[in-house]
Amino acid sequence: MISTKNITFSYSKDQLFHMPDLYCEAGSTLLITGDSGKGKTTYLHILAGLLKPKSGEIEIDKTDIVSLSEKATDKFRGKHIGVVFQKSHFISALTVLENLEMASWLATGKKHTKRAKKLLEQLGIENQASKLPSQLSIGQQQRVSIARALMNEPKVLLADEPTSSLDDKNAEKVIELLTSLSKEYKAALLIVTHDNRIKERFINKITLI
Amino acid sequence: MIAKLAWKNIWFKPLNTILSVVLLTSSVAIITTLVLVEKQFEEKFSSNIDGVDLVMGAQGSPLQLILSAVYQVDSPTGNISYDSAKVWMQHPFVKKAIPLAFGDNYRGYKILGTTSDYLEKYGAEISEGKLFEKNFEVVIGSDIAQKLSLKIGDEFFGSHGDAAEGEVHEHYGYKVVGIAKPTGKVVDNLILCTIPSVWQMHGSHGEEENPAHGEDGHVHVEGEEHHKAADMTLDEPGMEITAVLLKFRNKMGIVTWPRIIAQNTKMQVASPAIEVNRLFSLFGIGISALQYLAYVIMLISGISIFIALYNTLKERENEFALMRVNGAKRLQLLKVVMIESLLLCVVGFIFGTILGRVGLSMLSNSAEEDFKMSFNPYEFIWEKEGTLFLLTIFVGFIAALIPAIKAYNLNISKTLANA
């Protein structure tokens with residue numbers, strides 16, 4: 001579960017973003033919407049610990065990540081936060097399976113090959129395991145990103161515009177996988193999006209103004 | 001895992017990698033070969049002049065005299081009269097005088113008339129058989145025994161002069177009576193016999209077979225006595241030899257003799273130490289020029305690694321940001337870049353060391369054919385090659401420094417937001 005309180009953030013002195021408080025239970029989904037330039041991605045980066053907010057609290061699994069040092073944040077993020085980006089990035093020299101193993105190794109020091117294979121199976125891409133990420137289609141790549149985000153069984157799964165570069169069919173599939181897997185792995189799922197195709201599917205919504 | 005990632009990254013861009021490795025390999029190979037050649041060459045040259053203060057021979061180039069009389073690599077300057085040489089050989093300043101008479105060759109290996117002192121000077125003990133006593137008995141060097149598979153009791157005919165294709169002297173056969181121990185010096189590649197053997201070989205056929213018998217460095221009889229039956233001895237009057245190796249009791253002689261002999265006789269004396277130093281300084285220019293070239297190549301390979309890392313850094317920013325999101329520490333990114341560069345350098349160094357030795361053994365084979373001089377490619381000069389290794393690593397470190405620091409300071413949020 002994840003909750004925030006009074007988060008403010010500024011890139012420069014004359015601009016201050018007030019981020020709305022949010023709360024999301026393990027296994028449930030929260031949608032963060034808003035027009036471009038309203039700070040959706042910034043909010044996601046703050047929640048992931050990639051940016052430090054000016055003030056406020058973010059509590060993930062009883063830990064306030066704002067008060068952690070940079071090193072500790074890196075470690076915490078690796079273990080407890082999974083992130084799916086709009087465009088999928090991979091370590092291009094490593095195969096799909098090795099990418100998953102690397103994600104696990106960086107966070108925990110163990111490869112967890114079994115879990116990686118199981119995730120690929122659940123996402124229906126087990127036969128792509130030994131390919132390079134660049135050899136996969138965009139839809140398949142996005143599924144590998146989801147697998148990677150879930151590799152360390154995170155408490156929070158953050159998805160930044162996960163469907164915007166996908167066609168209707170793939171978007172549908174990705175959202176379905178995200179919701180079902182976050183339920184299965186008991187992760188709080190936060191989706192940042194302006195994609196109208198998925199807005200109607202969720203009840204819990206926060207809109208940045 | 002980090003090292004594995006670095007390794008995979010290297011081979012993900014094979015062309016960049018091959019360029020860097022090839023440059024490093026060639027640079028390391030050149031330096032390794034030079035270091036080995038220089039050291040072994042100097043060792044070989046210096047070890048052969050131990051115990052020779054001056055060399056006495058016919059007038060001409062002093063360097064040529066030294067090369068022919070001490071190293072057996074050049075043709076001699078000419079002959080000197082043994083009678084007049086004896087005057088100086090018996091001088092009280094002289095501790096030891098070893099006369100040399102160049103004879104024929106057997107399959108390209110020189111047959112040298114001398115005394116037992118010659119073997120002693122090089123520390124070449126007889127390992128099998130005995131020393132030559134009678135004329136046409138020979139002691140052969142260890143390399144020859146091995147290469148031509150000659151044994152005690154074998155007989156062979158020499159060919160005239162120093163060309164293996166020369167006319168064969170069939171009047172007298174040489175008989176192997178002894179084989180010398182390996183010394184690593186010129187004596188390993190020589191066939192040694194008594195001086196009168198050389199005189200007799202040529203005295204016996206001089207006029208009837210080879211009337212135009214006057215080339216330099218070829219000992220033959222000037223006198224009229226041609227006893228085909230009786231063996232000649234060292235006391236034969238009016239004979240010629242090629243050179244004398246001199247060791248002095250009184251060091252004054254080393255300084256004064258070159259002038260005295262040049263003024264009073266038709267002979268010259270030359271100092272091997274001085275001539276060899278002159279030779280080294282001539283070689284030295286070439287060797288340092290090649291060395292500078294090799295260092296320039298190493299610099300270029302450093303730049304090539306730097307450019308390769310720097311260029312891919314832009315593409316890899318997302319990759320690095322992603323690794324950070326997955327929990328990688330800043331230091332781990334720095335390590336990936338560093339290890340990549342160092343891996344390239346280590347691979348280049350290993351290939352270079354091997355290639356340098358392959359080159360040296362090829363060089364050794366051709367030097368063996370032409371000069372009977374071989375190099376040992378399996379020798380490791382830890383001090384110099386260790387320094388070279390550290391230098392290579394240092395180049396890799398410097399090349400990776402800026403890209404690694406950039407990776408370390410990467411702003412993840414910005415990188416991901418702009419992607």
# chains A, B, ... in the order shown; residues from 1 in each chain; ligands from 1

call {"tool": "interface_residues", "arguments": {"of": "chain B", "to": "chain A", "cutoff": "7 Å", "atoms": "only C-alpha atoms", "output": "mmCIF file with N, CA and C atoms, in the first residue's frame"}}
result
data_model
loop_
_atom_site.group_PDB
_atom_site.id
_atom_site.type_symbol
_atom_site.label_atom_id
_atom_site.label_comp_id
_atom_site.auth_asym_id
_atom_site.auth_seq_id
_atom_site.Cartn_x
_atom_site.Cartn_y
_atom_site.Cartn_z
ATOM 1 N N LYS B 8 29.221 -8.422 -22.163
ATOM 2 C CA LYS B 8 28.186 -8.477 -23.212
ATOM 3 C C LYS B 8 28.116 -7.156 -23.969
ATOM 4 N N ASN B 9 28.269 -6.065 -23.243
ATOM 5 C CA ASN B 9 28.241 -4.754 -23.886
ATOM 6 C C ASN B 9 29.352 -4.624 -24.913
ATOM 7 N N PHE B 12 28.441 -6.370 -27.975
ATOM 8 C CA PHE B 12 27.232 -5.888 -28.610
ATOM 9 C C PHE B 12 27.581 -4.924 -29.744
ATOM 10 N N ASN B 318 19.522 5.816 -21.273
ATOM 11 C CA ASN B 318 18.259 5.205 -20.850
ATOM 12 C C ASN B 318 18.504 3.891 -20.131
ATOM 13 N N GLU B 319 19.445 3.139 -20.692
ATOM 14 C CA GLU B 319 19.791 1.861 -20.082
ATOM 15 C C GLU B 319 20.274 2.060 -18.646
ATOM 16 N N LEU B 322 17.516 3.149 -16.365
ATOM 17 C CA LEU B 322 16.702 2.000 -16.054
ATOM 18 C C LEU B 322 17.338 1.131 -14.971
ATOM 19 N N ARG B 324 19.301 2.150 -12.716
ATOM 20 C CA ARG B 324 19.154 2.854 -11.441
ATOM 21 C C ARG B 324 17.751 2.632 -10.881
ATOM 22 N N VAL B 325 16.714 2.693 -11.750
ATOM 23 C CA VAL B 325 15.343 2.468 -11.304
ATOM 24 C C VAL B 325 15.227 1.075 -10.681
ATOM 25 N N ASN B 326 15.964 0.126 -11.274
ATOM 26 C CA ASN B 326 15.914 -1.239 -10.757
ATOM 27 C C ASN B 326 16.756 -1.432 -9.511
ATOM 28 N N GLY B 327 17.329 -0.349 -9.009
ATOM 29 C CA GLY B 327 18.050 -0.464 -7.750
ATOM 30 C C GLY B 327 19.557 -0.443 -7.856
ATOM 31 N N ALA B 328 20.099 -0.163 -9.081
ATOM 32 C CA ALA B 328 21.551 -0.103 -9.211
ATOM 33 C C ALA B 328 22.079 1.149 -8.530
ATOM 34 N N LYS B 329 23.272 1.022 -7.906
ATOM 35 C CA LYS B 329 23.887 2.201 -7.286
ATOM 36 C C LYS B 329 24.675 2.959 -8.346
ATOM 37 N N ILE B 412 18.606 10.599 -13.406
ATOM 38 C CA ILE B 412 17.696 9.565 -13.891
ATOM 39 C C ILE B 412 16.364 10.154 -14.325
ATOM 40 N N SER B 413 15.818 11.020 -13.484
ATOM 41 C CA SER B 413 14.476 11.537 -13.751
ATOM 42 C C SER B 413 14.449 12.286 -15.078
#

call {"tool": "residues_around", "arguments": {"residues": "stretch 192-204 of chain B", "least_positions_apart": "2", "cutoff": "8 Å", "atoms": "only C-alpha atoms", "output": "number ranges by chain"}}
result
B: 100-104, 111-115, 132-140, 169, 171-172, 190, 206, 219-221, 226-228, 231-234, 239

call {"tool": "residues_around", "arguments": {"residues": "A:Ile203", "least_positions_apart": "4", "cutoff": "10 Å", "atoms": "only C-alpha atoms", "output": "VMD selection string"}}
result
chain A and resid 29 to 31 199

call {"tool": "write_last_selection", "arguments": {"atoms": "N, CA and C atoms", "output": "PDB file, in the first residue's frame"}}
result
ATOM      1  N   THR A  29      -6.259  -0.564  -7.667  1.00  0.00           N
ATOM      2  CA  THR A  29      -5.682   0.265  -8.706  1.00  0.00           C
ATOM      3  C   THR A  29      -6.128   1.708  -8.561  1.00  0.00           C
ATOM      4  N   LEU A  30      -5.197   2.651  -8.793  1.00  0.00           N
ATOM      5  CA  LEU A  30      -5.526   4.063  -8.772  1.00  0.00           C
ATOM      6  C   LEU A  30      -5.028   4.691 -10.075  1.00  0.00           C
ATOM      7  N   LEU A  31      -5.907   5.504 -10.686  1.00  0.00           N
ATOM      8  CA  LEU A  31      -5.540   6.135 -11.936  1.00  0.00           C
ATOM      9  C   LEU A  31      -5.183   7.591 -11.662  1.00  0.00           C
ATOM     10  N   LYS A 199      -9.516   5.176 -19.214  1.00  0.00           N
ATOM     11  CA  LYS A 199     -10.066   5.967 -18.107  1.00  0.00           C
ATOM     12  C   LYS A 199     -11.373   5.377 -17.565  1.00  0.00           C
TER      13      LYS A 199
END

call {"tool": "closest_residue", "arguments": {"among": "B:Ile179, B:Leu15, B:Val70, B:Ile191", "to": "B:Phe156", "atoms": "only C-alpha atoms"}}
result
B:Ile191

call {"tool": "atom_distance", "arguments": {"atom1": "atom CA of B:Pro403", "atom2": "atom CA of B:Ile339"}}
result
11.9 Å

call {"tool": "atom_distance", "arguments": {"atom1": "atom CA of B:Phe280", "atom2": "atom CA of B:Val37"}}
result
12.1 Å

call {"tool": "atom_distance", "arguments": {"atom1": "atom CA of B:Tyr378", "atom2": "atom CA of B:Thr25"}}
result
18.0 Å

call {"tool": "residues_around", "arguments": {"residues": "stretch 55-57 of chain A", "least_positions_apart": "2", "cutoff": "7 Å", "atoms": "only C-alpha atoms", "output": "list of chain:residue names"}}
result
A:Thr4, A:Lys5, A:Asn6, A:Ile7, A:Thr8, A:Pro53, A:Glu59, A:Asp64, A:Val66

call {"tool": "write_last_selection", "arguments": {"atoms": "C-alpha atoms", "output": "JSON list (two decimals), in the first residue's frame"}}
result
[["chain", "number", "residue", "atom", "x", "y", "z"],
["A", 4, "THR", "CA", 1.13, 10.53, 0.38],
["A", 5, "LYS", "CA", 0.60, 13.70, 2.38],
["A", 6, "ASN", "CA", 1.09, 17.35, 1.37],
["A", 7, "ILE", "CA", 3.61, 16.82, -1.37],
["A", 8, "THR", "CA", 5.01, 19.92, -3.03],
["A", 53, "PRO", "CA", 9.86, 16.49, -3.24],
["A", 59, "GLU", "CA", 4.64, 6.17, 2.95],
["A", 64, "ASP", "CA", 8.68, 7.22, 4.59],
["A", 66, "VAL", "CA", 11.24, 11.09, 1.47]]

call {"tool": "select_by_dssp", "arguments": {"residues": "stretch 74-162 of chain B", "states": "strand (DSSP E or B)", "output": "ChimeraX atom specification"}}
result
/B:80-81,94-106,109-114,126-129,137-140,155-156,159

call {"tool": "residues_around", "arguments": {"residues": "A:Cys24", "least_positions_apart": "5", "cutoff": "8 Å", "atoms": "only C-alpha atoms", "output": "list in words"}}
result
Met1, Ile2, Ser3, Thr29, Leu30, Ala188, Leu189 and Leu190 of chain A

call {"tool": "write_last_selection", "arguments": {"atoms": "N, CA and C atoms", "output": "PDB file, in the first residue's frame"}}
result
ATOM      1  N   MET A   1       0.832  -1.199   0.000  1.00  0.00           N
ATOM      2  CA  MET A   1       0.000   0.000   0.000  1.00  0.00           C
ATOM      3  C   MET A   1       0.867   1.251   0.000  1.00  0.00           C
ATOM      4  N   ILE A   2       0.293   2.338  -0.518  1.00  0.00           N
ATOM      5  CA  ILE A   2       1.049   3.589  -0.623  1.00  0.00           C
ATOM      6  C   ILE A   2       0.141   4.753  -0.265  1.00  0.00           C
ATOM      7  N   SER A   3       0.680   5.730   0.472  1.00  0.00           N
ATOM      8  CA  SER A   3      -0.110   6.939   0.765  1.00  0.00           C
ATOM      9  C   SER A   3       0.817   8.151   0.776  1.00  0.00           C
ATOM     10  N   THR A  29      -6.259  -0.564  -7.667  1.00  0.00           N
ATOM     11  CA  THR A  29      -5.682   0.265  -8.706  1.00  0.00           C
ATOM     12  C   THR A  29      -6.128   1.708  -8.561  1.00  0.00           C
ATOM     13  N   LEU A  30      -5.197   2.651  -8.793  1.00  0.00           N
ATOM     14  CA  LEU A  30      -5.526   4.063  -8.772  1.00  0.00           C
ATOM     15  C   LEU A  30      -5.028   4.691 -10.075  1.00  0.00           C
ATOM     16  N   ALA A 188       0.135  -2.425  -4.928  1.00  0.00           N
ATOM     17  CA  ALA A 188      -0.735  -1.282  -5.232  1.00  0.00           C
ATOM     18  C   ALA A 188      -0.364  -0.781  -6.613  1.00  0.00           C
ATOM     19  N   LEU A 189      -1.366  -0.693  -7.515  1.00  0.00           N
ATOM     20  CA  LEU A 189      -1.055  -0.310  -8.895  1.00  0.00           C
ATOM     21  C   LEU A 189      -1.452   1.137  -9.141  1.00  0.00           C
ATOM     22  N   LEU A 190      -0.501   1.970  -9.527  1.00  0.00           N
ATOM     23  CA  LEU A 190      -0.773   3.369  -9.858  1.00  0.00           C
ATOM     24  C   LEU A 190      -0.490   3.575 -11.332  1.00  0.00           C
TER      25      LEU A 190
END

call {"tool": "select_by_dssp", "arguments": {"residues": "stretch 21-167 of chain A", "states": "helix (DSSP H, G or I)", "output": "ChimeraX atom specification"}}
result
/A:40-47,65-67,70-80,96-108,113-122,126-128,133-135,138-150

call {"tool": "residues_around", "arguments": {"residues": "B:Glu275", "least_positions_apart": "6", "cutoff": "9 Å", "atoms": "only C-alpha atoms", "output": "VMD selection string"}}
result
chain B and resid 62 to 63 66 to 67

call {"tool": "write_last_selection", "arguments": {"atoms": "N, CA and C atoms", "output": "mmCIF file, in the first residue's frame"}}
result
data_model
loop_
_atom_site.group_PDB
_atom_site.id
_atom_site.type_symbol
_atom_site.label_atom_id
_atom_site.label_comp_id
_atom_site.auth_asym_id
_atom_site.auth_seq_id
_atom_site.Cartn_x
_atom_site.Cartn_y
_atom_site.Cartn_z
ATOM 1 N N PRO B 62 86.901 -1.875 -38.636
ATOM 2 C CA PRO B 62 87.013 -2.527 -37.318
ATOM 3 C C PRO B 62 85.718 -3.255 -36.942
ATOM 4 N N LEU B 63 84.584 -2.665 -37.313
ATOM 5 C CA LEU B 63 83.306 -3.317 -36.991
ATOM 6 C C LEU B 63 83.200 -4.663 -37.693
ATOM 7 N N ILE B 66 85.291 -7.225 -35.920
ATOM 8 C CA ILE B 66 84.643 -7.733 -34.703
ATOM 9 C C ILE B 66 83.495 -8.677 -35.067
ATOM 10 N N LEU B 67 82.688 -8.252 -36.020
ATOM 11 C CA LEU B 67 81.533 -9.074 -36.404
ATOM 12 C C LEU B 67 81.982 -10.438 -36.918
#

call {"tool": "residues_around", "arguments": {"residues": "B:Leu344", "least_positions_apart": "5", "cutoff": "8 Å", "atoms": "only C-alpha atoms", "output": "list in words"}}
result
Ile10, Thr17, Ser20, Val21 and Gly396 of chain B

call {"tool": "write_last_selection", "arguments": {"atoms": "N, CA, C and O atoms", "output": "PDB file, in the first residue's frame"}}
result
ATOM      1  N   ILE B  10      30.540  -5.131 -24.554  1.00  0.00           N
ATOM      2  CA  ILE B  10      31.680  -5.050 -25.468  1.00  0.00           C
ATOM      3  C   ILE B  10      31.333  -5.720 -26.785  1.00  0.00           C
ATOM      4  O   ILE B  10      31.577  -5.178 -27.854  1.00  0.00           O
ATOM      5  N   THR B  17      34.678  -2.599 -30.821  1.00  0.00           N
ATOM      6  CA  THR B  17      35.541  -3.408 -29.977  1.00  0.00           C
ATOM      7  C   THR B  17      36.749  -3.912 -30.749  1.00  0.00           C
ATOM      8  O   THR B  17      37.883  -3.820 -30.282  1.00  0.00           O
ATOM      9  N   SER B  20      39.348  -1.201 -31.343  1.00  0.00           N
ATOM     10  CA  SER B  20      40.145  -0.897 -30.154  1.00  0.00           C
ATOM     11  C   SER B  20      41.114  -2.021 -29.839  1.00  0.00           C
ATOM     12  O   SER B  20      42.283  -1.775 -29.526  1.00  0.00           O
ATOM     13  N   VAL B  21      40.624  -3.259 -29.912  1.00  0.00           N
ATOM     14  CA  VAL B  21      41.481  -4.397 -29.552  1.00  0.00           C
ATOM     15  C   VAL B  21      42.635  -4.537 -30.558  1.00  0.00           C
ATOM     16  O   VAL B  21      43.774  -4.779 -30.171  1.00  0.00           O
ATOM     17  N   GLY B 396      43.474   2.400 -20.447  1.00  0.00           N
ATOM     18  CA  GLY B 396      42.061   2.040 -20.351  1.00  0.00           C
ATOM     19  C   GLY B 396      41.344   2.852 -19.293  1.00  0.00           C
ATOM     20  O   GLY B 396      40.214   3.302 -19.481  1.00  0.00           O
TER      21      GLY B 396
END
